[in-house]
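Structure below is entry20.pdb: PDB, C-alpha atoms and all ligand atoms.
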```
ATOM      1  CA  MET Z   1      13.690   0.678 -14.987
ATOM      2  CA  LYS Z   2      13.023   4.255 -13.938
ATOM      3  CA  ARG Z   3      12.361   5.058 -10.315
ATOM      4  CA  ILE Z   4       9.586   7.132  -8.800
ATOM      5  CA  PHE Z   5      10.256   8.467  -5.322
ATOM      6  CA  SER Z   6       7.815   8.834  -2.475
ATOM      7  CA  GLY Z   7       8.636  11.722  -0.170
ATOM      8  CA  GLN Z   8       9.077  11.754   3.594
ATOM      9  CA  TRP Z   9       6.800  13.970   5.680
ATOM     10  CA  SER Z  10       6.623  15.133   9.303
ATOM     11  CA  GLY Z  11       4.843  11.905  10.332
ATOM     12  CA  TYR Z  12       7.219   9.510   8.580
ATOM     13  CA  GLU Z  13      10.943   9.302   7.964
ATOM     14  CA  LEU Z  14      13.047   6.501   6.525
ATOM     15  CA  ILE Z  15      16.133   7.280   8.577
ATOM     16  CA  ASP Z  16      18.520   4.633   7.250
ATOM     17  CA  ALA Z  17      18.486   1.249   5.520
ATOM     18  CA  GLY Z  18      20.911  -1.634   5.088
ATOM     19  CA  ASN Z  19      21.882  -5.138   6.280
ATOM     20  CA  ASN Z  20      18.368  -6.288   5.262
ATOM     21  CA  LYS Z  21      16.717  -3.894   7.703
ATOM     22  CA  LYS Z  22      15.220  -0.410   7.774
ATOM     23  CA  LEU Z  23      15.223   2.242  10.510
ATOM     24  CA  GLU Z  24      12.012   4.295  10.382
ATOM     25  CA  ARG Z  25      10.437   7.102  12.405
ATOM     26  CA  TRP Z  26       6.646   7.225  12.742
ATOM     27  CA  GLY Z  27       5.803  10.463  14.525
ATOM     28  CA  ASN Z  28       8.008  10.218  17.637
ATOM     29  CA  ILE Z  29       8.448   6.454  17.563
ATOM     30  CA  ILE Z  30      11.345   4.717  15.823
ATOM     31  CA  THR Z  31      11.344   1.097  14.663
ATOM     32  CA  ILE Z  32      13.755  -1.407  13.153
ATOM     33  CA  ARG Z  33      12.081  -3.806  10.690
ATOM     34  CA  PRO Z  34      13.359  -6.481   8.288
ATOM     35  CA  GLU Z  35      13.606  -5.331   4.652
ATOM     36  CA  ARG Z  36      14.834  -7.783   2.038
ATOM     37  CA  ASN Z  37      15.453  -4.991  -0.492
ATOM     38  CA  ALA Z  38      18.024  -3.365   1.835
ATOM     39  CA  TYR Z  39      20.765  -5.722   0.611
ATOM     40  CA  PHE Z  40      23.458  -2.977   0.884
ATOM     41  CA  SER Z  41      25.337  -1.574   3.912
ATOM     42  CA  PRO Z  42      23.696   1.100   6.076
ATOM     43  CA  ILE Z  43      25.331   4.456   6.827
ATOM     44  CA  LEU Z  44      24.730   4.478  10.600
ATOM     45  CA  THR Z  45      26.277   1.858  12.871
ATOM     46  CA  ASN Z  46      24.330  -0.928  14.541
ATOM     47  CA  GLN Z  47      24.898   0.846  17.858
ATOM     48  CA  GLU Z  48      23.419   4.093  16.479
ATOM     49  CA  TRP Z  49      20.352   2.201  15.209
ATOM     50  CA  LYS Z  50      19.807   0.583  18.606
ATOM     51  CA  GLN Z  51      20.264   3.898  20.447
ATOM     52  CA  LYS Z  52      17.586   5.559  18.314
ATOM     53  CA  ALA Z  53      14.975   2.781  18.062
ATOM     54  CA  HIS Z  54      12.064   2.132  20.452
ATOM     55  CA  PHE Z  55      11.074  -1.250  18.983
ATOM     56  CA  GLU Z  56      12.699  -3.931  16.832
ATOM     57  CA  PHE Z  57      10.831  -6.621  14.933
ATOM     58  CA  VAL Z  58      12.418 -10.060  15.284
ATOM     59  CA  GLU Z  59      11.398 -12.600  12.620
ATOM     60  CA  GLU Z  60      10.302 -16.002  13.882
ATOM     61  CA  SER Z  61       9.211 -17.357  10.482
ATOM     62  CA  THR Z  62       8.969 -15.911   6.970
ATOM     63  CA  GLN Z  63       5.512 -14.505   7.806
ATOM     64  CA  THR Z  64       5.470 -13.660  11.506
ATOM     65  CA  GLY Z  65       7.571 -12.584  14.467
ATOM     66  CA  SER Z  66       7.514 -10.464  17.614
ATOM     67  CA  TRP Z  67       8.496  -6.981  18.721
ATOM     68  CA  LYS Z  68      11.383  -6.429  21.124
ATOM     69  CA  THR Z  69      11.031  -3.261  23.223
ATOM     70  CA  LEU Z  70      14.299  -1.288  23.202
ATOM     71  CA  LYS Z  71      12.948   1.679  25.198
ATOM     72  CA  GLN Z  72      10.709   0.644  28.074
ATOM     73  CA  GLY Z  73       7.474   2.562  28.557
ATOM     74  CA  THR Z  74       6.979   3.440  24.863
ATOM     75  CA  PRO Z  75       3.266   3.201  23.914
ATOM     76  CA  LYS Z  76       2.464   0.317  21.582
ATOM     77  CA  GLU Z  77      -0.387   2.163  19.880
ATOM     78  CA  TRP Z  78      -0.142   5.707  18.568
ATOM     79  CA  GLN Z  79      -1.262   7.972  15.709
ATOM     80  CA  ILE Z  80       0.384   9.794  12.811
ATOM     81  CA  ASN Z  81      -1.052  12.156  10.196
ATOM     82  CA  TYR Z  82      -0.669  12.566   6.489
ATOM     83  CA  LYS Z  83      -2.215  15.959   5.712
ATOM     84  CA  ALA Z  84      -5.757  15.729   7.191
ATOM     85  CA  CYS Z  85      -5.736  11.902   7.350
ATOM     86  CA  VAL Z  86      -5.054  10.231  10.692
ATOM     87  CA  PHE Z  87      -3.644   6.707  10.903
ATOM     88  CA  ASN Z  88      -3.831   4.561  14.022
ATOM     89  CA  LEU Z  89      -0.616   2.577  14.284
ATOM     90  CA  ARG Z  90       0.103  -0.566  16.289
ATOM     91  CA  LEU Z  91       2.707  -3.320  16.338
ATOM     92  CA  THR Z  92       1.436  -6.424  14.531
ATOM     93  CA  LYS Z  93       2.962  -9.883  14.421
ATOM     94  CA  PHE Z  94       3.259  -9.522  10.608
ATOM     95  CA  LYS Z  95       5.893  -6.722  11.028
ATOM     96  CA  HIS Z  96       3.527  -4.098   9.564
ATOM     97  CA  ILE Z  97       2.241  -1.320  11.786
ATOM     98  CA  GLY Z  98      -0.725   0.098   9.873
ATOM     99  CA  ILE Z  99       0.444   2.014   6.818
ATOM    100  CA  PHE Z 100       2.676   1.570   3.810
ATOM    101  CA  PRO Z 101       4.383   4.995   3.771
ATOM    102  CA  GLU Z 102       5.965   4.342   0.368
ATOM    103  CA  GLN Z 103       2.450   4.910  -1.027
ATOM    104  CA  GLN Z 104       2.803   8.675  -0.403
ATOM    105  CA  THR Z 105       3.415   9.450  -4.094
ATOM    106  CA  ASN Z 106       0.190   7.597  -5.006
ATOM    107  CA  TRP Z 107      -1.800   9.466  -2.367
ATOM    108  CA  ASP Z 108      -0.741  12.765  -3.987
ATOM    109  CA  PHE Z 109      -1.462  11.396  -7.474
ATOM    110  CA  ILE Z 110      -4.973  10.399  -6.350
ATOM    111  CA  LYS Z 111      -5.567  13.799  -4.772
ATOM    112  CA  ASN Z 112      -4.570  15.473  -8.057
ATOM    113  CA  HIS Z 113      -6.677  13.231 -10.320
ATOM    114  CA  ILE Z 114      -9.897  12.646  -8.373
ATOM    115  CA  HIS Z 115     -12.819  15.078  -8.303
ATOM    116  CA  LYS Z 116     -15.788  15.599  -6.025
ATOM    117  CA  GLU Z 117     -18.394  12.813  -6.409
ATOM    118  CA  ASP Z 118     -16.167  10.667  -8.665
ATOM    119  CA  LYS Z 119     -16.450   6.961  -7.917
ATOM    120  CA  PHE Z 120     -13.231   5.511  -6.496
ATOM    121  CA  LEU Z 121     -12.384   1.817  -5.969
ATOM    122  CA  ASN Z 122      -9.625   0.629  -3.621
ATOM    123  CA  LEU Z 123      -8.953  -3.125  -4.021
ATOM    124  CA  PHE Z 124      -6.702  -5.010  -1.524
ATOM    125  CA  ALA Z 125      -7.166  -1.802   0.413
ATOM    126  CA  TYR Z 126      -5.438  -2.610   3.768
ATOM    127  CA  THR Z 127      -6.016   0.151   6.379
ATOM    128  CA  GLY Z 128      -7.266   2.604   3.769
ATOM    129  CA  GLY Z 129      -4.542   5.152   2.994
ATOM    130  CA  ALA Z 130      -5.805   5.643  -0.565
ATOM    131  CA  SER Z 131      -9.460   5.484   0.561
ATOM    132  CA  LEU Z 132      -9.010   8.309   3.090
ATOM    133  CA  ILE Z 133      -7.215  10.493   0.553
ATOM    134  CA  ALA Z 134      -9.916  10.007  -2.110
ATOM    135  CA  ASN Z 135     -12.664  10.478   0.476
ATOM    136  CA  SER Z 136     -11.083  13.720   1.680
ATOM    137  CA  ALA Z 137     -11.356  14.995  -1.915
ATOM    138  CA  GLY Z 138     -15.112  14.288  -1.873
ATOM    139  CA  ALA Z 139     -15.061  11.076  -3.947
ATOM    140  CA  ASP Z 140     -17.568   8.238  -3.485
ATOM    141  CA  VAL Z 141     -15.198   5.574  -2.127
ATOM    142  CA  PHE Z 142     -15.542   1.764  -2.251
ATOM    143  CA  HIS Z 143     -12.937   0.034  -0.062
ATOM    144  CA  CYS Z 144     -12.502  -3.738  -0.515
ATOM    145  CA  ASP Z 145     -10.409  -6.053   1.658
ATOM    146  CA  SER Z 146     -10.999  -9.710   2.556
ATOM    147  CA  VAL Z 147      -9.859  -9.465   6.202
ATOM    148  CA  LYS Z 148     -12.457  -8.388   8.780
ATOM    149  CA  GLN Z 149      -9.985  -6.962  11.324
ATOM    150  CA  ILE Z 150      -8.365  -4.884   8.571
ATOM    151  CA  ILE Z 151     -11.744  -3.390   7.613
ATOM    152  CA  SER Z 152     -12.351  -2.511  11.312
ATOM    153  CA  TRP Z 153      -8.921  -0.864  11.458
ATOM    154  CA  SER Z 154      -9.762   1.185   8.333
ATOM    155  CA  LYS Z 155     -13.053   2.325   9.912
ATOM    156  CA  GLU Z 156     -11.099   3.472  12.970
ATOM    157  CA  ASN Z 157      -8.818   5.515  10.685
ATOM    158  CA  MET Z 158     -11.829   7.054   8.942
ATOM    159  CA  GLU Z 159     -13.341   8.080  12.282
ATOM    160  CA  SER Z 160     -10.031   9.434  13.644
ATOM    161  CA  SER Z 161      -9.742  11.487  10.421
ATOM    162  CA  ASN Z 162     -13.219  12.962  11.046
ATOM    163  CA  GLN Z 163     -14.447  11.465   7.795
ATOM    164  CA  ALA Z 164     -17.567   9.436   6.942
ATOM    165  CA  ASN Z 165     -19.411   7.592   4.170
ATOM    166  CA  ILE Z 166     -16.749   5.177   2.846
ATOM    167  CA  HIS Z 167     -18.475   2.006   1.539
ATOM    168  CA  TRP Z 168     -16.843  -1.009   3.210
ATOM    169  CA  VAL Z 169     -16.671  -4.223   1.191
ATOM    170  CA  LEU Z 170     -15.507  -7.282   3.112
ATOM    171  CA  ASP Z 171     -14.930  -9.621   0.180
ATOM    172  CA  ASP Z 172     -12.465 -11.194  -2.191
ATOM    173  CA  ALA Z 173     -11.245  -8.385  -4.471
ATOM    174  CA  LEU Z 174     -11.615 -10.358  -7.710
ATOM    175  CA  LYS Z 175     -15.062 -11.608  -6.793
ATOM    176  CA  PHE Z 176     -16.233  -8.068  -5.972
ATOM    177  CA  ALA Z 177     -14.657  -6.590  -9.125
ATOM    178  CA  LYS Z 178     -16.362  -9.234 -11.290
ATOM    179  CA  ARG Z 179     -19.725  -8.480  -9.666
ATOM    180  CA  GLU Z 180     -19.263  -4.751 -10.221
ATOM    181  CA  ALA Z 181     -18.333  -5.335 -13.888
ATOM    182  CA  LYS Z 182     -21.464  -7.461 -14.377
ATOM    183  CA  ARG Z 183     -23.558  -4.635 -12.936
ATOM    184  CA  GLY Z 184     -21.940  -2.242 -15.455
ATOM    185  CA  LYS Z 185     -20.497  -0.073 -12.688
ATOM    186  CA  LEU Z 186     -17.802   2.451 -13.689
ATOM    187  CA  TYR Z 187     -15.135   4.135 -11.557
ATOM    188  CA  HIS Z 188     -13.071   7.245 -12.225
ATOM    189  CA  GLY Z 189     -10.165   5.965 -10.120
ATOM    190  CA  ILE Z 190      -9.065   2.421  -9.268
ATOM    191  CA  VAL Z 191      -6.154   1.486  -7.008
ATOM    192  CA  MET Z 192      -4.999  -2.041  -6.385
ATOM    193  CA  ASP Z 193      -2.254  -3.304  -4.159
ATOM    194  CA  PRO Z 194      -2.425  -7.100  -4.456
ATOM    195  CA  PRO Z 195      -0.090  -9.209  -2.333
ATOM    196  CA  ALA Z 196       2.567 -11.289  -4.165
ATOM    197  CA  PHE Z 197       0.821 -14.435  -2.822
ATOM    198  CA  GLY Z 198      -2.934 -14.188  -2.479
ATOM    199  CA  ILE Z 199      -5.794 -16.276  -1.149
ATOM    200  CA  GLY Z 200      -8.931 -16.311  -3.314
ATOM    201  CA  ALA Z 201     -12.667 -16.518  -2.681
ATOM    202  CA  LYS Z 202     -12.551 -20.321  -2.450
ATOM    203  CA  LYS Z 203      -9.458 -20.233  -0.212
ATOM    204  CA  GLU Z 204      -7.319 -21.186  -3.223
ATOM    205  CA  ARG Z 205      -3.751 -19.840  -3.260
ATOM    206  CA  TRP Z 206      -2.645 -17.688  -6.209
ATOM    207  CA  LYS Z 207       0.487 -15.853  -7.306
ATOM    208  CA  ILE Z 208       0.278 -12.304  -8.625
ATOM    209  CA  GLU Z 209       2.164 -13.188 -11.821
ATOM    210  CA  ASN Z 210      -0.724 -15.548 -12.711
ATOM    211  CA  LYS Z 211      -3.573 -13.269 -11.566
ATOM    212  CA  PHE Z 212      -2.220 -10.025 -13.045
ATOM    213  CA  PRO Z 213      -3.841 -10.327 -16.536
ATOM    214  CA  GLU Z 214      -7.262 -10.994 -14.999
ATOM    215  CA  LEU Z 215      -6.942  -8.048 -12.594
ATOM    216  CA  VAL Z 216      -5.958  -5.671 -15.406
ATOM    217  CA  GLN Z 217      -8.733  -6.932 -17.673
ATOM    218  CA  LEU Z 218     -11.321  -6.422 -14.937
ATOM    219  CA  ALA Z 219      -9.973  -2.936 -14.237
ATOM    220  CA  SER Z 220     -10.385  -2.056 -17.940
ATOM    221  CA  GLN Z 221     -14.076  -3.022 -17.719
ATOM    222  CA  LEU Z 222     -14.553  -0.920 -14.579
ATOM    223  CA  LEU Z 223     -12.638   2.222 -15.535
ATOM    224  CA  GLU Z 224     -14.286   5.301 -17.055
ATOM    225  CA  LYS Z 225     -12.701   6.428 -20.372
ATOM    226  CA  THR Z 226     -11.041   9.419 -18.696
ATOM    227  CA  GLY Z 227     -10.223   7.575 -15.456
ATOM    228  CA  PHE Z 228      -6.960   6.451 -13.847
ATOM    229  CA  LEU Z 229      -5.650   3.117 -12.601
ATOM    230  CA  ILE Z 230      -2.810   2.516 -10.127
ATOM    231  CA  ILE Z 231      -1.371  -0.972  -9.598
ATOM    232  CA  ASN Z 232       1.389  -1.854  -7.142
ATOM    233  CA  THR Z 233       3.060  -5.236  -7.559
ATOM    234  CA  TYR Z 234       5.804  -6.800  -5.499
ATOM    235  CA  SER Z 235       7.071  -9.839  -7.353
ATOM    236  CA  PRO Z 236      10.434 -10.323  -9.072
ATOM    237  CA  LYS Z 237       8.595 -12.841 -11.285
ATOM    238  CA  LEU Z 238       6.411 -10.096 -12.788
ATOM    239  CA  LYS Z 239       8.755  -8.206 -15.104
ATOM    240  CA  GLU Z 240       8.326  -4.716 -16.553
ATOM    241  CA  GLU Z 241       7.895  -6.009 -20.156
ATOM    242  CA  GLU Z 242       5.150  -8.379 -19.081
ATOM    243  CA  ILE Z 243       3.374  -5.616 -17.128
ATOM    244  CA  GLN Z 244       3.703  -3.272 -20.131
ATOM    245  CA  ASP Z 245       2.336  -5.846 -22.634
ATOM    246  CA  THR Z 246      -0.572  -6.879 -20.407
ATOM    247  CA  VAL Z 247      -1.599  -3.313 -19.578
ATOM    248  CA  LYS Z 248      -1.209  -2.118 -23.198
ATOM    249  CA  GLU Z 249      -3.534  -4.871 -24.402
ATOM    250  CA  SER Z 250      -6.345  -3.680 -22.092
ATOM    251  CA  PHE Z 251      -5.622   0.054 -22.389
ATOM    252  CA  PRO Z 252      -4.316   0.576 -25.958
ATOM    253  CA  SER Z 253      -4.914   4.322 -26.063
ATOM    254  CA  LYS Z 254      -4.009   5.402 -22.543
ATOM    255  CA  ARG Z 255      -0.742   6.682 -21.122
ATOM    256  CA  ILE Z 256       1.108   3.913 -19.228
ATOM    257  CA  GLU Z 257       3.931   4.605 -16.772
ATOM    258  CA  ILE Z 258       5.835   1.819 -15.013
ATOM    259  CA  ASN Z 259       8.396   2.739 -12.359
ATOM    260  CA  LYS Z 260      10.202   1.200  -9.408
ATOM    261  CA  LEU Z 261       8.490   2.646  -6.349
ATOM    262  CA  SER Z 262      11.354   3.986  -4.180
ATOM    263  CA  LEU Z 263      12.193   6.005  -1.086
ATOM    264  CA  LYS Z 264      15.417   7.766  -0.182
ATOM    265  CA  SER Z 265      16.556   7.543   3.435
ATOM    266  CA  THR Z 266      17.733  10.602   5.336
ATOM    267  CA  THR Z 267      21.213   9.060   5.151
ATOM    268  CA  GLY Z 268      20.950   8.937   1.319
ATOM    269  CA  LYS Z 269      20.258   5.236   0.706
ATOM    270  CA  THR Z 270      17.700   4.293  -1.983
ATOM    271  CA  LEU Z 271      15.205   1.596  -1.105
ATOM    272  CA  GLU Z 272      13.025   0.012  -3.806
ATOM    273  CA  TYR Z 273       9.579  -1.434  -3.027
ATOM    274  CA  GLY Z 274       8.248  -2.984  -6.240
ATOM    275  CA  GLU Z 275       6.670  -1.968  -9.521
ATOM    276  CA  LEU Z 276       4.242   0.926  -9.644
ATOM    277  CA  THR Z 277       2.070   1.076 -12.769
ATOM    278  CA  ARG Z 278      -0.092   4.083 -13.561
ATOM    279  CA  VAL Z 279      -2.567   4.215 -16.424
ATOM    280  CA  TYR Z 280      -4.269   7.545 -17.180
TER     281      TYR Z 280
HETATM  282  C1  LIG U   1      -0.164  -5.123   0.427
HETATM  283  S1  LIG U   1      -1.579  -4.839   1.412
HETATM  284  C2  LIG U   1      -2.146  -3.334   0.720
HETATM  285  C3  LIG U   1      -1.519  -2.056   1.260
HETATM  286  C4  LIG U   1      -2.270  -0.726   0.917
HETATM  287  N1  LIG U   1      -2.196  -0.419  -0.475
HETATM  288  C5  LIG U   1      -1.752   0.494   1.671
HETATM  289  O1  LIG U   1      -0.852   1.173   1.196
HETATM  290  O2  LIG U   1      -2.238   0.759   2.765
HETATM  291  C6  LIG U   1      -2.606  -6.123   0.822
HETATM  292  C7  LIG U   1      -4.021  -6.185   1.404
HETATM  293  O3  LIG U   1      -4.776  -7.111   0.616
HETATM  294  C8  LIG U   1      -5.674  -7.842   1.445
HETATM  295  N2  LIG U   1      -6.008  -9.058   0.700
HETATM  296  C9  LIG U   1      -5.263 -10.183   0.513
HETATM  297  N3  LIG U   1      -5.892 -11.059  -0.305
HETATM  298  C10 LIG U   1      -7.069 -10.469  -0.651
HETATM  299  C11 LIG U   1      -8.157 -10.846  -1.498
HETATM  300  N4  LIG U   1      -8.160 -12.013  -2.144
HETATM  301  N5  LIG U   1      -9.179  -9.977  -1.655
HETATM  302  C12 LIG U   1      -9.195  -8.792  -1.017
HETATM  303  N6  LIG U   1      -8.200  -8.381  -0.193
HETATM  304  C13 LIG U   1      -7.150  -9.200  -0.021
HETATM  305  C14 LIG U   1      -4.928  -8.017   2.748
HETATM  306  O4  LIG U   1      -5.852  -8.194   3.817
HETATM  307  C15 LIG U   1      -4.148  -6.677   2.845
HETATM  308  O5  LIG U   1      -4.863  -5.758   3.601
END
```
Can you turn what I pasted into structure tokens?
Amino acid sequence: MKRIFSGQWSGYELIDAGNNKKLERWGNIITIRPERNAYFSPILTNQEWKQKAHFEFVEESTQTGSWKTLKQGTPKEWQINYKACVFNLRLTKFKHIGIFPEQQTNWDFIKNHIHKEDKFLNLFAYTGGASLIANSAGADVFHCDSVKQIISWSKENMESSNQANIHWVLDDALKFAKREAKRGKLYHGIVMDPPAFGIGAKKERWKIENKFPELVQLASQLLEKTGFLIINTYSPKLKEEEIQDTVKESFPSKRIEINKLSLKSTTGKTLEYGELTRVY
């Protein structure tokens, strides 16, 4: 499969990767986090990683863990920018710190394809990277996530970015999308970043490989003829051919691009993050 690379910027650098970990710089703060796709050897030594890093995430289960401070006195909350968007970062027990920097290529794609007053839907929206970008271009943004604290975090990012007027939807993404389709609502841009294992409206557990056809079908009902759709998936069980066939069925006359979303470290290592599908 072809790769598409996100770029680094002044606020974010993937310094090195390897031994199932990644060394990243967020503004002035450097972290070590687990990364199962970094199955190769890093370029820098373990000692060099430890000398550079301020915090290291130590896994305590497959889902959670804690942060070890390697440089005492480092603030545990700070901000970085991407263009005019400001992100508030903090150390969470889920190893994430508030943005998925590999989304940078999508943020630029959105900026280039959205117009003033277009309707834009961000499903499984996390802290709102895509929402802030679309909002900064003057779009009418609907941001849907099922976790209350995550919606509050996104609002904080909107305020820190001196933006306003994003519509917050605290709901199950599929439930909201179905309601919007019933109302005949249309969007010019739709982005979805569903987790590999999801929890639905009735607390039922689902796997993306089973939900994918329904998500794509709903998106086809909600997308304007000239609109664009971006879907990120992170499951080895959802193969390129299956993505291609499913998407083609719902969007027979649109351009479909499927790539491995990737980032190159400063030391030259390539890290892959999952499948990125664009329909436009
Ligand atoms: C992988 S993250 C998205 C990252 C985001 N694209 C970014 O780059 O900032 C997945 C998000 O989906 C949310 N989520 C999980 N299940 C959901 C559901 N059923 N409905 C809506 N949101 C859900 C989680 O709270 C989380 O914020």
Between CA of Ser154 in chain Z and CA of Pro75 in chain Z, distance in Å (one decimal):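 Computed distance, CA of Ser154 in chain Z to CA of Pro75 in chain Z, equals 20.4 Å.
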Hits from the PyMOL selection byres (((chain Z and resi 123) around 10) and not hetatm), listed as a PyMOL selection string: chain Z and resi 120-122+124-126+128+130-131+142-146+169+171-174+176-177+190-194+231
Go ahead and save the residues from that selection, with C-alpha atoms, as a PDB file, keeping the file's coordinate frame.
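Result written to part03.pdb:
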```pdb
ATOM      1  CA  PHE Z 120     -13.231   5.511  -6.496  1.00  0.00           C
ATOM      2  CA  LEU Z 121     -12.384   1.817  -5.969  1.00  0.00           C
ATOM      3  CA  ASN Z 122      -9.625   0.629  -3.621  1.00  0.00           C
ATOM      4  CA  PHE Z 124      -6.702  -5.010  -1.524  1.00  0.00           C
ATOM      5  CA  ALA Z 125      -7.166  -1.802   0.413  1.00  0.00           C
ATOM      6  CA  TYR Z 126      -5.438  -2.610   3.768  1.00  0.00           C
ATOM      7  CA  GLY Z 128      -7.266   2.604   3.769  1.00  0.00           C
ATOM      8  CA  ALA Z 130      -5.805   5.643  -0.565  1.00  0.00           C
ATOM      9  CA  SER Z 131      -9.460   5.484   0.561  1.00  0.00           C
ATOM     10  CA  PHE Z 142     -15.542   1.764  -2.251  1.00  0.00           C
ATOM     11  CA  HIS Z 143     -12.937   0.034  -0.062  1.00  0.00           C
ATOM     12  CA  CYS Z 144     -12.502  -3.738  -0.515  1.00  0.00           C
ATOM     13  CA  ASP Z 145     -10.409  -6.053   1.658  1.00  0.00           C
ATOM     14  CA  SER Z 146     -10.999  -9.710   2.556  1.00  0.00           C
ATOM     15  CA  VAL Z 169     -16.671  -4.223   1.191  1.00  0.00           C
ATOM     16  CA  ASP Z 171     -14.930  -9.621   0.180  1.00  0.00           C
ATOM     17  CA  ASP Z 172     -12.465 -11.194  -2.191  1.00  0.00           C
ATOM     18  CA  ALA Z 173     -11.245  -8.385  -4.471  1.00  0.00           C
ATOM     19  CA  LEU Z 174     -11.615 -10.358  -7.710  1.00  0.00           C
ATOM     20  CA  PHE Z 176     -16.233  -8.068  -5.972  1.00  0.00           C
ATOM     21  CA  ALA Z 177     -14.657  -6.590  -9.125  1.00  0.00           C
ATOM     22  CA  ILE Z 190      -9.065   2.421  -9.268  1.00  0.00           C
ATOM     23  CA  VAL Z 191      -6.154   1.486  -7.008  1.00  0.00           C
ATOM     24  CA  MET Z 192      -4.999  -2.041  -6.385  1.00  0.00           C
ATOM     25  CA  ASP Z 193      -2.254  -3.304  -4.159  1.00  0.00           C
ATOM     26  CA  PRO Z 194      -2.425  -7.100  -4.456  1.00  0.00           C
ATOM     27  CA  ILE Z 231      -1.371  -0.972  -9.598  1.00  0.00           C
TER      28      ILE Z 231
END
```
Result set of the PyMOL selection byres (((chain Z and resi 101) around 10) and not hetatm) on the coordinates above, as a PDB file with C-alpha atoms, in the frame of the given file:
```pdb
ATOM      1  CA  SER Z   6       7.815   8.834  -2.475  1.00  0.00           C
ATOM      2  CA  GLY Z   7       8.636  11.722  -0.170  1.00  0.00           C
ATOM      3  CA  GLN Z   8       9.077  11.754   3.594  1.00  0.00           C
ATOM      4  CA  TRP Z   9       6.800  13.970   5.680  1.00  0.00           C
ATOM      5  CA  GLY Z  11       4.843  11.905  10.332  1.00  0.00           C
ATOM      6  CA  TYR Z  12       7.219   9.510   8.580  1.00  0.00           C
ATOM      7  CA  GLU Z  13      10.943   9.302   7.964  1.00  0.00           C
ATOM      8  CA  LEU Z  14      13.047   6.501   6.525  1.00  0.00           C
ATOM      9  CA  TRP Z  26       6.646   7.225  12.742  1.00  0.00           C
ATOM     10  CA  TYR Z  82      -0.669  12.566   6.489  1.00  0.00           C
ATOM     11  CA  GLY Z  98      -0.725   0.098   9.873  1.00  0.00           C
ATOM     12  CA  ILE Z  99       0.444   2.014   6.818  1.00  0.00           C
ATOM     13  CA  PHE Z 100       2.676   1.570   3.810  1.00  0.00           C
ATOM     14  CA  GLU Z 102       5.965   4.342   0.368  1.00  0.00           C
ATOM     15  CA  GLN Z 103       2.450   4.910  -1.027  1.00  0.00           C
ATOM     16  CA  GLN Z 104       2.803   8.675  -0.403  1.00  0.00           C
ATOM     17  CA  THR Z 105       3.415   9.450  -4.094  1.00  0.00           C
ATOM     18  CA  TRP Z 107      -1.800   9.466  -2.367  1.00  0.00           C
ATOM     19  CA  GLY Z 129      -4.542   5.152   2.994  1.00  0.00           C
ATOM     20  CA  LEU Z 263      12.193   6.005  -1.086  1.00  0.00           C
TER      21      LEU Z 263
END
```
Pairwise distance for CA of Trp168 in chain Z and CA of Lys182 in chain Z, rounded to one decimal in Å: 19.3 Å
Straight-line distance linking CA of Ala84 in chain Z with CA of Thr277 in chain Z, stated in Å to one decimal: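 About the pair CA of Ala84 in chain Z and CA of Thr277 in chain Z: they are 26.0 Å apart.
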Chain and number of each residue from the PyMOL selection byres (((chain Z and resi 210-219) around 10) and not hetatm), as a PyMOL selection string: chain Z and resi 121+173-174+177-178+180-181+186-187+189-192+194+196-198+206-209+220-224+228-231+233+237-238+242-243+245-251
Test item: residues at most 6 Å from Thr31 in chain Z, all atoms listed in the file, excluding those fewer than 3 positions along its chain, as a ChimeraX atom specification: /Z:23-24,53-56
Close residues, range 62-68 of chain Z itself excluded, 10 Å, only C-alpha atoms, min 5 positions apart in chain, as a ChimeraX atom specification: /Z:31-33,54-57,76,91-96
Which of Z:Lys254, Z:Phe109, Z:Gly227, Z:Ile97 sits closest to ligand LIG 1 (chain U) [using all atoms listed in the file]: Z:Ile97
Distance criterion (only C-alpha atoms and all ligand atoms): nearest to ligand LIG 1 (chain U) out of Z:Asn37, Z:Ser253, Z:Asn106, Z:Ser265: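 Of Z:Asn37, Z:Ser253, Z:Asn106, Z:Ser265, the one nearest ligand LIG 1 (chain U), counting only C-alpha atoms and all ligand atoms, is Z:Asn106.
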